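Trainee: Sharing structure_39.cif below, mmCIF, C-alpha atoms:
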data_my_file
loop_
_atom_site.label_atom_id
_atom_site.label_comp_id
_atom_site.auth_asym_id
_atom_site.auth_seq_id
_atom_site.Cartn_x
_atom_site.Cartn_y
_atom_site.Cartn_z
CA MET Y 1 -145.23 85.16 -9.68
CA LYS Y 2 -145.93 87.00 -6.42
CA PRO Y 3 -143.00 88.53 -4.52
CA ILE Y 4 -141.70 86.37 -1.69
CA LEU Y 5 -143.48 86.91 1.63
CA ASP Y 6 -141.86 87.04 5.04
CA LYS Y 7 -143.43 85.48 8.14
CA ASN Y 8 -145.53 88.62 8.69
CA GLN Y 9 -146.99 88.34 5.19
CA LYS Y 10 -145.07 91.35 3.90
CA THR Y 11 -143.87 91.34 0.33
CA LEU Y 12 -140.28 92.22 -0.46
CA TYR Y 13 -141.59 95.51 -1.85
CA ASP Y 14 -143.28 96.26 1.48
CA ILE Y 15 -140.01 95.66 3.32
CA ILE Y 16 -138.01 97.86 0.93
CA GLU Y 17 -140.50 100.74 1.00
CA GLU Y 18 -141.61 100.81 4.64
CA ASN Y 19 -140.28 103.35 7.12
CA GLY Y 20 -137.62 101.77 9.29
CA THR Y 21 -137.06 101.98 13.02
CA ILE Y 22 -133.47 103.17 12.94
CA PHE Y 23 -132.60 105.50 10.06
CA LYS Y 24 -133.93 109.02 9.78
CA GLU Y 25 -131.65 109.78 6.80
CA LYS Y 26 -129.65 106.79 5.59
CA LYS Y 27 -127.64 108.69 2.99
CA VAL Y 28 -125.77 110.41 5.84
CA PHE Y 29 -123.74 107.20 6.18
CA THR Y 30 -122.89 106.80 2.47
CA THR Y 31 -119.52 107.64 0.92
CA ASP Y 32 -120.92 110.31 -1.42
CA TYR Y 33 -122.74 112.26 1.31
CA ILE Y 34 -121.72 115.92 1.45
CA PRO Y 35 -122.44 117.59 4.83
CA GLU Y 36 -124.22 120.93 4.73
CA SER Y 37 -121.87 122.20 7.43
CA TYR Y 38 -118.30 121.03 6.93
CA LYS Y 39 -116.40 120.82 10.21
CA TYR Y 40 -112.64 121.06 10.72
CA ARG Y 41 -111.77 121.62 7.06
CA ASP Y 42 -112.70 125.30 6.78
CA MET Y 43 -109.05 126.38 6.49
CA GLN Y 44 -108.45 123.95 3.63
CA LEU Y 45 -111.60 125.11 1.84
CA LYS Y 46 -110.56 128.72 2.38
CA LYS Y 47 -107.16 128.07 0.79
CA MET Y 48 -108.82 126.32 -2.16
CA ALA Y 49 -111.07 129.36 -2.58
CA ILE Y 50 -108.10 131.75 -2.48
CA LEU Y 51 -106.40 129.68 -5.19
CA SER Y 52 -109.56 130.01 -7.30
CA LYS Y 53 -109.90 133.79 -7.22
CA GLY Y 54 -110.89 135.23 -10.58
CA ILE Y 55 -113.03 132.25 -11.54
CA ARG Y 56 -116.08 134.51 -11.85
CA GLU Y 57 -114.26 136.45 -14.56
CA GLY Y 58 -113.35 133.23 -16.36
CA LEU Y 59 -109.81 132.87 -15.03
CA THR Y 60 -108.53 129.35 -14.48
CA PRO Y 61 -107.94 128.36 -10.83
CA SER Y 62 -104.47 127.30 -9.75
CA ASN Y 63 -103.70 123.60 -10.01
CA MET Y 64 -103.71 121.98 -6.58
CA ILE Y 65 -102.70 118.84 -4.72
CA LEU Y 66 -104.75 117.93 -1.66
CA ASN Y 67 -102.27 115.94 0.40
CA GLY Y 68 -102.95 113.93 3.55
CA LYS Y 69 -103.38 110.48 5.02
CA THR Y 70 -106.34 108.25 4.17
CA ALA Y 71 -109.70 109.47 5.53
CA THR Y 72 -108.63 113.02 6.34
CA GLY Y 73 -111.44 114.61 4.34
CA LYS Y 74 -109.68 115.25 1.03
CA THR Y 75 -112.31 113.74 -1.24
CA SER Y 76 -115.32 115.05 0.67
CA SER Y 77 -113.76 118.53 0.87
CA LEU Y 78 -113.21 118.48 -2.88
CA LEU Y 79 -116.80 117.36 -3.46
CA LYS Y 80 -118.02 120.19 -1.22
CA PHE Y 81 -115.82 122.70 -3.02
CA PHE Y 82 -117.08 121.54 -6.41
CA GLU Y 83 -120.68 121.72 -5.19
CA LEU Y 84 -120.21 125.32 -4.04
CA LEU Y 85 -118.51 126.36 -7.30
CA GLU Y 86 -121.16 124.92 -9.60
CA LYS Y 87 -123.96 126.34 -7.46
CA ARG Y 88 -122.53 129.85 -7.74
CA TYR Y 89 -120.79 130.05 -11.12
CA GLU Y 90 -122.55 129.00 -14.32
CA ASN Y 91 -119.30 129.14 -16.30
CA VAL Y 92 -117.72 126.34 -14.23
CA ILE Y 93 -117.82 122.60 -14.94
CA THR Y 94 -116.39 120.33 -12.27
CA VAL Y 95 -115.68 116.62 -12.65
CA LEU Y 96 -114.46 114.31 -9.91
CA VAL Y 97 -112.74 111.19 -11.25
CA ASN Y 98 -112.03 108.23 -8.97
CA CYS Y 99 -108.64 107.10 -10.25
CA GLN Y 100 -108.86 103.85 -8.28
CA ILE Y 101 -111.51 102.87 -10.84
CA ASN Y 102 -110.59 105.07 -13.81
CA ARG Y 103 -106.87 104.43 -14.17
CA THR Y 104 -106.25 105.33 -17.82
CA GLU Y 105 -106.36 108.49 -19.89
CA TYR Y 106 -109.25 107.04 -21.91
CA LYS Y 107 -111.40 106.29 -18.87
CA ILE Y 108 -110.70 109.69 -17.33
CA TYR Y 109 -111.82 111.45 -20.50
CA THR Y 110 -114.98 109.33 -20.75
CA LYS Y 111 -115.92 110.49 -17.23
CA ILE Y 112 -115.40 114.11 -18.23
CA TYR Y 113 -117.38 113.55 -21.43
CA LYS Y 114 -120.29 112.04 -19.52
CA LYS Y 115 -120.42 114.99 -17.12
CA ILE Y 116 -120.49 117.53 -19.94
CA PHE Y 117 -122.74 115.80 -22.46
CA GLY Y 118 -124.67 113.36 -20.27
CA ILE Y 119 -123.72 110.46 -22.52
CA GLU Y 120 -122.06 107.21 -21.47
CA ILE Y 121 -119.47 106.14 -24.05
CA SER Y 122 -119.35 102.42 -24.71
CA VAL Y 123 -115.95 100.74 -24.85
CA GLY Y 124 -114.51 101.36 -28.30
CA GLY Y 125 -117.25 103.86 -29.16
CA LEU Y 126 -114.95 106.82 -29.63
CA SER Y 127 -111.18 107.15 -29.60
CA THR Y 128 -109.43 109.05 -26.83
CA PHE Y 129 -108.52 111.76 -29.35
CA ASN Y 130 -112.13 112.22 -30.49
CA ILE Y 131 -113.44 112.35 -26.92
CA TYR Y 132 -110.74 114.84 -25.95
CA THR Y 133 -111.41 117.01 -29.01
CA ARG Y 134 -115.16 117.20 -28.37
CA ILE Y 135 -114.59 118.15 -24.73
CA MET Y 136 -112.11 120.91 -25.52
CA GLU Y 137 -114.11 122.27 -28.45
CA TYR Y 138 -117.14 122.55 -26.19
CA ILE Y 139 -115.46 124.36 -23.30
CA SER Y 140 -113.70 126.69 -25.76
CA LYS Y 141 -116.88 127.57 -27.64
CA GLU Y 142 -119.04 127.95 -24.51
CA ASN Y 143 -116.34 129.81 -22.56
CA LYS Y 144 -116.41 127.30 -19.71
CA VAL Y 145 -113.80 126.69 -17.03
CA LEU Y 146 -113.21 122.95 -16.61
CA ILE Y 147 -111.89 121.81 -13.23
CA VAL Y 148 -110.94 118.14 -13.11
CA GLY Y 149 -110.54 116.44 -9.75
CA LEU Y 150 -108.27 113.39 -9.93
CA ASP Y 151 -108.96 111.51 -6.72
CA ASP Y 152 -106.01 109.28 -5.71
CA TYR Y 153 -104.23 110.28 -8.90
CA ASP Y 154 -101.03 108.47 -7.93
CA VAL Y 155 -102.73 105.13 -8.70
CA ILE Y 156 -103.17 105.96 -12.38
CA LYS Y 157 -101.95 102.95 -14.38
CA SER Y 158 -98.38 104.16 -14.90
CA ASN Y 159 -96.22 107.26 -14.71
CA LYS Y 160 -96.42 107.47 -18.49
CA GLU Y 161 -100.23 107.39 -18.39
CA LEU Y 162 -100.27 110.00 -15.61
CA ASN Y 163 -97.90 112.30 -17.46
CA LYS Y 164 -99.89 112.00 -20.68
CA THR Y 165 -103.20 112.72 -18.96
CA LEU Y 166 -101.92 115.78 -17.11
CA TYR Y 167 -100.13 117.08 -20.18
CA THR Y 168 -103.14 116.85 -22.51
CA LEU Y 169 -105.44 118.42 -19.92
CA LEU Y 170 -103.20 121.30 -18.98
CA ARG Y 171 -101.82 122.10 -22.44
CA ALA Y 172 -105.20 122.02 -24.17
CA TYR Y 173 -105.05 125.80 -24.65
CA GLU Y 174 -102.25 125.31 -27.19
CA SER Y 175 -104.59 123.51 -29.60
CA PHE Y 176 -107.94 124.94 -28.55
CA LYS Y 177 -108.18 128.68 -28.21
CA ASN Y 178 -109.76 129.74 -24.92
CA ALA Y 179 -109.67 126.21 -23.44
CA LYS Y 180 -109.46 126.73 -19.68
CA VAL Y 181 -108.60 123.65 -17.62
CA SER Y 182 -107.20 123.16 -14.15
CA VAL Y 183 -106.53 120.01 -12.14
CA ILE Y 184 -107.04 119.37 -8.44
CA ALA Y 185 -105.49 116.05 -7.44
CA THR Y 186 -105.64 114.15 -4.16
CA THR Y 187 -102.96 111.86 -2.77
CA ASN Y 188 -101.91 110.28 0.52
CA ASN Y 189 -98.27 109.99 -0.47
CA LEU Y 190 -96.79 113.00 -2.18
CA GLU Y 191 -93.42 111.32 -2.62
CA THR Y 192 -94.83 108.71 -5.00
CA ILE Y 193 -95.76 111.30 -7.60
CA LEU Y 194 -93.26 111.34 -10.45
CA THR Y 195 -93.80 113.49 -13.51
CA ASP Y 196 -91.46 114.45 -16.31
CA SER Y 197 -90.06 117.98 -16.43
CA ALA Y 198 -92.48 119.23 -19.11
CA VAL Y 199 -95.50 118.09 -17.11
CA ALA Y 200 -94.08 119.29 -13.80
CA SER Y 201 -93.55 122.81 -15.13
CA THR Y 202 -97.12 122.91 -16.46
CA PHE Y 203 -98.83 121.28 -13.49
CA HIS Y 204 -96.84 123.07 -10.74
CA PRO Y 205 -99.62 122.63 -8.15
CA SER Y 206 -100.17 124.45 -4.90
CA GLU Y 207 -100.35 122.05 -1.97
CA VAL Y 208 -103.30 122.01 0.44
CA GLN Y 209 -102.38 119.95 3.50
CA PHE Y 210 -104.95 117.78 5.29
CA ILE Y 211 -103.81 116.73 8.76
CA SER Y 212 -105.37 113.79 10.59
CA TYR Y 213 -108.47 114.41 12.69
CA THR Y 214 -107.99 114.53 16.45
CA GLN Y 215 -109.88 112.08 18.66
CA SER Y 216 -112.17 114.88 19.79
CA GLN Y 217 -112.90 115.90 16.19
CA ILE Y 218 -113.71 112.30 15.23
CA LYS Y 219 -116.15 112.11 18.13
CA ASN Y 220 -117.89 115.34 17.11
CA ILE Y 221 -118.11 114.27 13.47
CA LEU Y 222 -119.61 110.88 14.36
CA LYS Y 223 -122.06 112.36 16.85
CA GLU Y 224 -123.24 114.80 14.20
CA ARG Y 225 -123.68 112.00 11.64
CA CYS Y 226 -125.67 110.00 14.21
CA ARG Y 227 -127.84 113.02 15.00
CA LEU Y 228 -128.62 113.57 11.34
CA GLY Y 229 -128.86 109.93 10.29
CA PHE Y 230 -130.54 108.09 13.17
CA TYR Y 231 -133.78 108.70 15.00
CA LYS Y 232 -133.38 110.21 18.47
CA GLY Y 233 -132.36 107.65 21.08
CA VAL Y 234 -131.28 104.98 18.58
CA ILE Y 235 -127.63 104.99 19.67
CA ASN Y 236 -126.11 105.88 23.04
CA ASP Y 237 -122.98 107.87 23.85
CA LYS Y 238 -121.11 104.86 25.26
CA ILE Y 239 -121.32 103.02 21.94
CA ILE Y 240 -120.16 106.13 20.08
CA ASP Y 241 -117.24 106.57 22.50
CA ASP Y 242 -116.16 102.95 22.01
CA LEU Y 243 -116.35 103.41 18.24
CA VAL Y 244 -114.30 106.62 18.43
CA ASN Y 245 -111.56 104.88 20.43
CA TYR Y 246 -111.45 101.98 17.97
CA VAL Y 247 -111.35 104.11 14.85
CA TYR Y 248 -108.91 106.70 16.18
CA TYR Y 249 -106.18 104.08 16.43
CA LYS Y 250 -107.18 102.60 13.08
CA GLY Y 251 -106.74 106.06 11.59
CA ASP Y 252 -109.67 105.81 9.18
CA LEU Y 253 -112.87 107.77 9.83
CA ARG Y 254 -114.59 106.11 6.88
CA ILE Y 255 -114.46 102.78 8.71
CA ALA Y 256 -116.54 104.26 11.53
CA ILE Y 257 -119.17 105.65 9.18
CA LYS Y 258 -119.43 102.31 7.38
CA MET Y 259 -119.69 100.51 10.73
CA LEU Y 260 -122.55 102.79 11.80
CA LEU Y 261 -124.39 102.00 8.57
CA ASN Y 262 -123.93 98.26 9.03
CA ALA Y 263 -124.92 98.39 12.70
CA GLY Y 264 -128.06 100.32 11.81
CA ASN Y 265 -128.97 97.75 9.17
CA ASN Y 266 -128.43 94.92 11.66
CA ALA Y 267 -130.60 96.58 14.30
CA GLU Y 268 -133.34 97.31 11.78
CA SER Y 269 -133.32 93.75 10.47
CA ARG Y 270 -134.28 92.52 13.94
CA ASN Y 271 -136.98 95.23 14.25
CA SER Y 272 -135.18 96.97 17.09
CA VAL Y 273 -135.50 100.67 17.88
CA LYS Y 274 -131.98 100.81 19.31
CA ILE Y 275 -128.50 99.86 18.15
CA ALA Y 276 -126.72 97.45 20.48
CA LYS Y 277 -123.01 96.77 20.75
CA PHE Y 278 -123.40 93.35 19.14
CA ASP Y 279 -124.86 95.03 16.02
CA PHE Y 280 -121.30 96.04 15.15
CA LYS Y 281 -120.15 92.44 14.78
#
As structure tokens, what does this structure read like?
Mentor:
Amino acid sequence: MKPILDKNQKTLYDIIEENGTIFKEKKVFTTDYIPESYKYRDMQLKKMAILSKGIREGLTPSNMILNGKTATGKTSSLLKFFELLEKRYENVITVLVNCQINRTEYKIYTKIYKKIFGIEISVGGLSTFNIYTRIMEYISKENKVLIVGLDDYDVIKSNKELNKTLYTLLRAYESFKNAKVSVIATTNNLETILTDSAVASTFHPSEVQFISYTQSQIKNILKERCRLGFYKGVINDKIIDDLVNYVYYKGDLRIAIKMLLNAGNNAESRNSVKIAKFDFK
């Protein structure tokens, strides 16, 4: 059966593969995009680097908590930091785990396992203990430093599950000689984190504070995304200013980036070369 045609006799494949009128680089507006130049979070990245001194010699970085309100750049800063570490140091393995999705010790370890071995574990395929053992045996034998990023770690299923996960990660050296593991966690509410005394003494993280972006910073970030992601002239400054004002009071930069993506899709679907205000509806 032939693919469905539109009124211009284009197949669905033609529509998917053709160059659009709006986006120069669509990935700029996706949640996993990592900017080449990271604005307004250089001090946080610098502190994270200071806390990781000695990593080249195989020393484990300090455990950290990246603390700040929603959409203050914690996750993207951590992704950038991980990217820089793995690019420079062959002895480092970084894994970012979205705890909103992976809320149990088992699921967290399957994510780490997949990063190291490139294998997706089916549900019930291996026990948590077996997955954990294979991970720790590997990093011990290969002299790797494992840095686990627990994004939104305060939403892990329960305090018991959180304590168990942190404890097994950070005390791995007791059972596996030369196992080097550190944890960098992100949270938007430091007061919700409760750990038992044994875990607290082991984790003992250094805090990296992420303050909210100013209105001017939001504007500069969005203008840069538009410059990189849209063709020249696609969106005007007035629309960007209106978006900045709206999002600043919402307090969530990610909303603005998602809105730009949706507006671009709407404009492109009507074969326009410009984004209009009504494309945001």
Trainee: Contacts of Tyr213 in chain Y at 9 Å or less, counting all atoms listed in the file, minus same-chain residues fewer than 2 places along, as a CSV table (one decimal) with C-alpha atoms, in the frame of the given file?
Mentor:
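Dumped everything to result_3.csv:
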chain,number,residue,atom,x,y,z
Y,40,TYR,CA,-112.6,121.1,10.7
Y,71,ALA,CA,-109.7,109.5,5.5
Y,72,THR,CA,-108.6,113.0,6.3
Y,73,GLY,CA,-111.4,114.6,4.3
Y,210,PHE,CA,-105.0,117.8,5.3
Y,211,ILE,CA,-103.8,116.7,8.8
Y,215,GLN,CA,-109.9,112.1,18.7
Y,216,SER,CA,-112.2,114.9,19.8
Y,217,GLN,CA,-112.9,115.9,16.2
Y,218,ILE,CA,-113.7,112.3,15.2
Y,248,TYR,CA,-108.9,106.7,16.2
Y,251,GLY,CA,-106.7,106.1,11.6
Y,253,LEU,CA,-112.9,107.8,9.8
Trainee: Residues within 10 Å of Asn220 in chain Y, please, as a PDB file with C-alpha atoms, in the coordinates of the input. Count all atoms listed in the file; anything in the same chain fewer than 5 positions from it doesn't count.
Mentor:
ATOM      1  CA  LYS Y  39    -116.400 120.820  10.210  1.00  0.00           C
ATOM      2  CA  THR Y 214    -107.990 114.530  16.450  1.00  0.00           C
ATOM      3  CA  GLN Y 215    -109.880 112.080  18.660  1.00  0.00           C
ATOM      4  CA  ARG Y 225    -123.680 112.000  11.640  1.00  0.00           C
ATOM      5  CA  CYS Y 226    -125.670 110.000  14.210  1.00  0.00           C
ATOM      6  CA  ILE Y 240    -120.160 106.130  20.080  1.00  0.00           C
ATOM      7  CA  VAL Y 244    -114.300 106.620  18.430  1.00  0.00           C
TER       8      VAL Y 244
END
Trainee: Name the residues that the PyMOL selection byres ((chain Y and resi 109) around 9) picks from the file above, as an mmCIF file with C-alpha atoms, in the frame of the given file, using the file's chain letters and numbers.
Mentor:
data_model
loop_
_atom_site.group_PDB
_atom_site.id
_atom_site.type_symbol
_atom_site.label_atom_id
_atom_site.label_comp_id
_atom_site.auth_asym_id
_atom_site.auth_seq_id
_atom_site.Cartn_x
_atom_site.Cartn_y
_atom_site.Cartn_z
ATOM 1 C CA THR Y 104 -106.250 105.330 -17.820
ATOM 2 C CA GLU Y 105 -106.360 108.490 -19.890
ATOM 3 C CA TYR Y 106 -109.250 107.040 -21.910
ATOM 4 C CA LYS Y 107 -111.400 106.290 -18.870
ATOM 5 C CA ILE Y 108 -110.700 109.690 -17.330
ATOM 6 C CA THR Y 110 -114.980 109.330 -20.750
ATOM 7 C CA LYS Y 111 -115.920 110.490 -17.230
ATOM 8 C CA ILE Y 112 -115.400 114.110 -18.230
ATOM 9 C CA TYR Y 113 -117.380 113.550 -21.430
ATOM 10 C CA LYS Y 114 -120.290 112.040 -19.520
ATOM 11 C CA THR Y 128 -109.430 109.050 -26.830
ATOM 12 C CA ILE Y 131 -113.440 112.350 -26.920
ATOM 13 C CA TYR Y 132 -110.740 114.840 -25.950
ATOM 14 C CA ILE Y 135 -114.590 118.150 -24.730
ATOM 15 C CA THR Y 165 -103.200 112.720 -18.960
#
Trainee: For each of Y:Phe230, Y:Asp152, Y:Ala256, Y:Val92, take the minimum atom-to-atom distance to Val273 in chain Y, counting all atoms listed in the file, then give the residue where this is smallest.
Mentor: Y:Phe230
Trainee: To one decimal place, how far is CA of Ile116 in chain Y from CA of Ile139 in chain Y in Å?
Mentor: 9.1 Å
Trainee: Write out as an mmCIF file with C-alpha atoms, in the coordinates of the input which residues come within 8 Å of Ala172 in chain Y when counting only C-alpha atoms, dropping same-chain ones fewer than 4 positions away.
Mentor:
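The result, stored in around_23.cif:
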data_model
loop_
_atom_site.group_PDB
_atom_site.id
_atom_site.type_symbol
_atom_site.label_atom_id
_atom_site.label_comp_id
_atom_site.auth_asym_id
_atom_site.auth_seq_id
_atom_site.Cartn_x
_atom_site.Cartn_y
_atom_site.Cartn_z
ATOM 1 C CA MET Y 136 -112.110 120.910 -25.520
ATOM 2 C CA THR Y 168 -103.140 116.850 -22.510
ATOM 3 C CA PHE Y 176 -107.940 124.940 -28.550
ATOM 4 C CA ALA Y 179 -109.670 126.210 -23.440
ATOM 5 C CA LYS Y 180 -109.460 126.730 -19.680
ATOM 6 C CA VAL Y 181 -108.600 123.650 -17.620
#
Trainee: Would you compute the distance between CA of Leu51 in chain Y and CA of Gly149 in chain Y? Give it in Å to one decimal.
Mentor: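 The value is 14.6 Å.
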Trainee: Which residues are near Asp279 in chain Y? Cut-off 10 Å, all atoms listed in the file, ignore same chain within fewer than 4 positions. Put them as a PyMOL selection string.
Mentor: chain Y and resi 259-260+262-268+270+274-275
Trainee: Using all atoms listed in the file, which of the listed residues (Y:Val155, Y:Thr60, Y:Asn130, Y:Lys80) sits closest to Ile101 in chain Y?
Mentor: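 Closest candidate: Y:Val155.
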Trainee: Rank Y:Ser37, Y:Met48, Y:Lys157, Y:Asn91 by their smallest atom-to-atom distance to Lys141 in chain Y, using all atoms listed in the file, and report the top residue only.
Mentor: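 The closest residue to Lys141 in chain Y is Y:Asn91.
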Trainee: Starting from the PyMOL selection byres ((chain Y and resi 237) around 12), expand the selection into actual residues of this file and give them as a list in words.
Mentor: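 In the shown coordinates, the PyMOL selection byres ((chain Y and resi 237) around 12) covers Lys219, Asn220, Leu222, Lys223, Glu224, Cys226, Arg227, Lys232, Gly233, Val234, Ile235, Asn236, Lys238, Ile239, Ile240, Asp241, Asp242, Leu243, Val244, Ile275, Ala276 and Lys277 of chain Y.
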Trainee: Selection in question (the file shown): the PyMOL selection byres ((chain Y and resi 62) around 8). Which residues does it include, as number ranges by chain?
Mentor: Y: 51-52, 60-61, 63-64, 182-183, 205-206
Trainee: Quick one: pull the distance between CA of Glu57 in chain Y and CA of Lys177 in chain Y, Å, one decimal.
Mentor: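 Computing it gives 16.8 Å between the two atoms.
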Trainee: Using all atoms listed in the file, which protein or nucleic acid residues come within 9 Å of Ser76 in chain Y? Drop anything in the same chain fewer than 6 positions from it, and give the result as a list in words.
Mentor: Thr31, Asp32, Tyr33, Ile34 and Pro35 of chain Y
Trainee: Could you write out the selected residues, including C-alpha atoms, as a PDB file, in the coordinates of the input?
Mentor:
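Contents of result_31.pdb, as written:
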ATOM      1  CA  THR Y  31    -119.520 107.640   0.920  1.00  0.00           C
ATOM      2  CA  ASP Y  32    -120.920 110.310  -1.420  1.00  0.00           C
ATOM      3  CA  TYR Y  33    -122.740 112.260   1.310  1.00  0.00           C
ATOM      4  CA  ILE Y  34    -121.720 115.920   1.450  1.00  0.00           C
ATOM      5  CA  PRO Y  35    -122.440 117.590   4.830  1.00  0.00           C
TER       6      PRO Y  35
END
Trainee: So, with all atoms listed in the file as the atoms that count, which of Y:Leu190, Y:Ile22, Y:Ala200, Y:Met43 lies closest to Leu166 in chain Y?
Mentor: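 Closest to Leu166 in chain Y, using all atoms listed in the file: Y:Ala200.
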Trainee: Quick one: what's the axis-aligned box for range 111-121 of chain Y, all listed atoms, 3 Å on every side, centre and edges in Å to one decimal, as JSON?
Mentor:
{"center_x": -120.0, "center_y": 111.8, "center_z": -20.6, "size_x": 15.3, "size_y": 17.4, "size_z": 12.9}
Trainee: Choose the residue, out of Y:Ala185, Y:Ser158, Y:Gly54, Y:Lys164, that has the smallest atom-to-atom separation from Leu78 in chain Y; count all atoms listed in the file.
Mentor: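 The answer is Y:Ala185, which sits nearest to Leu78 in chain Y.
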Trainee: Which residue gives the smallest distance to Glu142 in chain Y among Y:Glu207, Y:Leu79, Y:Ile93, Y:Ser201, with all atoms listed in the file counted?
Mentor: Y:Ile93
Trainee: Would you kindly place N, CA and C atoms on range 91-106 of chain Y and return the model as a compact mmCIF listing (two decimals), keeping the file's coordinate frame?
Mentor:
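New file rebuild31.txt:
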# COMPACT_ATOMS: atom_id res chain seq x y z
N ASN Y 91 -120.36 129.38 -15.32
CA ASN Y 91 -119.30 129.14 -16.30
C ASN Y 91 -118.36 128.01 -15.89
N VAL Y 92 -118.63 127.37 -14.76
CA VAL Y 92 -117.72 126.34 -14.23
C VAL Y 92 -118.31 124.95 -14.41
N ILE Y 93 -117.48 124.03 -14.89
CA ILE Y 93 -117.82 122.60 -14.94
C ILE Y 93 -116.80 121.87 -14.08
N THR Y 94 -117.29 121.12 -13.10
CA THR Y 94 -116.39 120.33 -12.27
C THR Y 94 -116.65 118.84 -12.49
N VAL Y 95 -115.58 118.08 -12.48
CA VAL Y 95 -115.68 116.62 -12.65
C VAL Y 95 -114.75 115.95 -11.66
N LEU Y 96 -115.30 115.09 -10.82
CA LEU Y 96 -114.46 114.31 -9.91
C LEU Y 96 -114.29 112.90 -10.48
N VAL Y 97 -113.05 112.50 -10.68
CA VAL Y 97 -112.74 111.19 -11.25
C VAL Y 97 -112.06 110.33 -10.19
N ASN Y 98 -112.64 109.19 -9.89
CA ASN Y 98 -112.03 108.23 -8.97
C ASN Y 98 -110.98 107.43 -9.73
N CYS Y 99 -109.71 107.74 -9.49
CA CYS Y 99 -108.64 107.10 -10.25
C CYS Y 99 -108.37 105.67 -9.79
N GLN Y 100 -108.94 105.26 -8.66
CA GLN Y 100 -108.86 103.85 -8.28
C GLN Y 100 -109.63 103.00 -9.28
N ILE Y 101 -110.68 103.57 -9.86
CA ILE Y 101 -111.51 102.87 -10.84
C ILE Y 101 -111.12 103.26 -12.26
N ASN Y 102 -110.91 104.55 -12.48
CA ASN Y 102 -110.59 105.07 -13.81
C ASN Y 102 -109.10 105.37 -13.88
N ARG Y 103 -108.33 104.37 -14.30
CA ARG Y 103 -106.87 104.43 -14.17
C ARG Y 103 -106.14 104.72 -15.48
N THR Y 104 -106.88 105.04 -16.54
CA THR Y 104 -106.25 105.33 -17.82
C THR Y 104 -106.74 106.67 -18.35
N GLU Y 105 -105.97 107.23 -19.26
CA GLU Y 105 -106.36 108.49 -19.89
C GLU Y 105 -107.73 108.37 -20.54
N TYR Y 106 -107.97 107.25 -21.22
CA TYR Y 106 -109.25 107.04 -21.91
C TYR Y 106 -110.41 107.09 -20.93
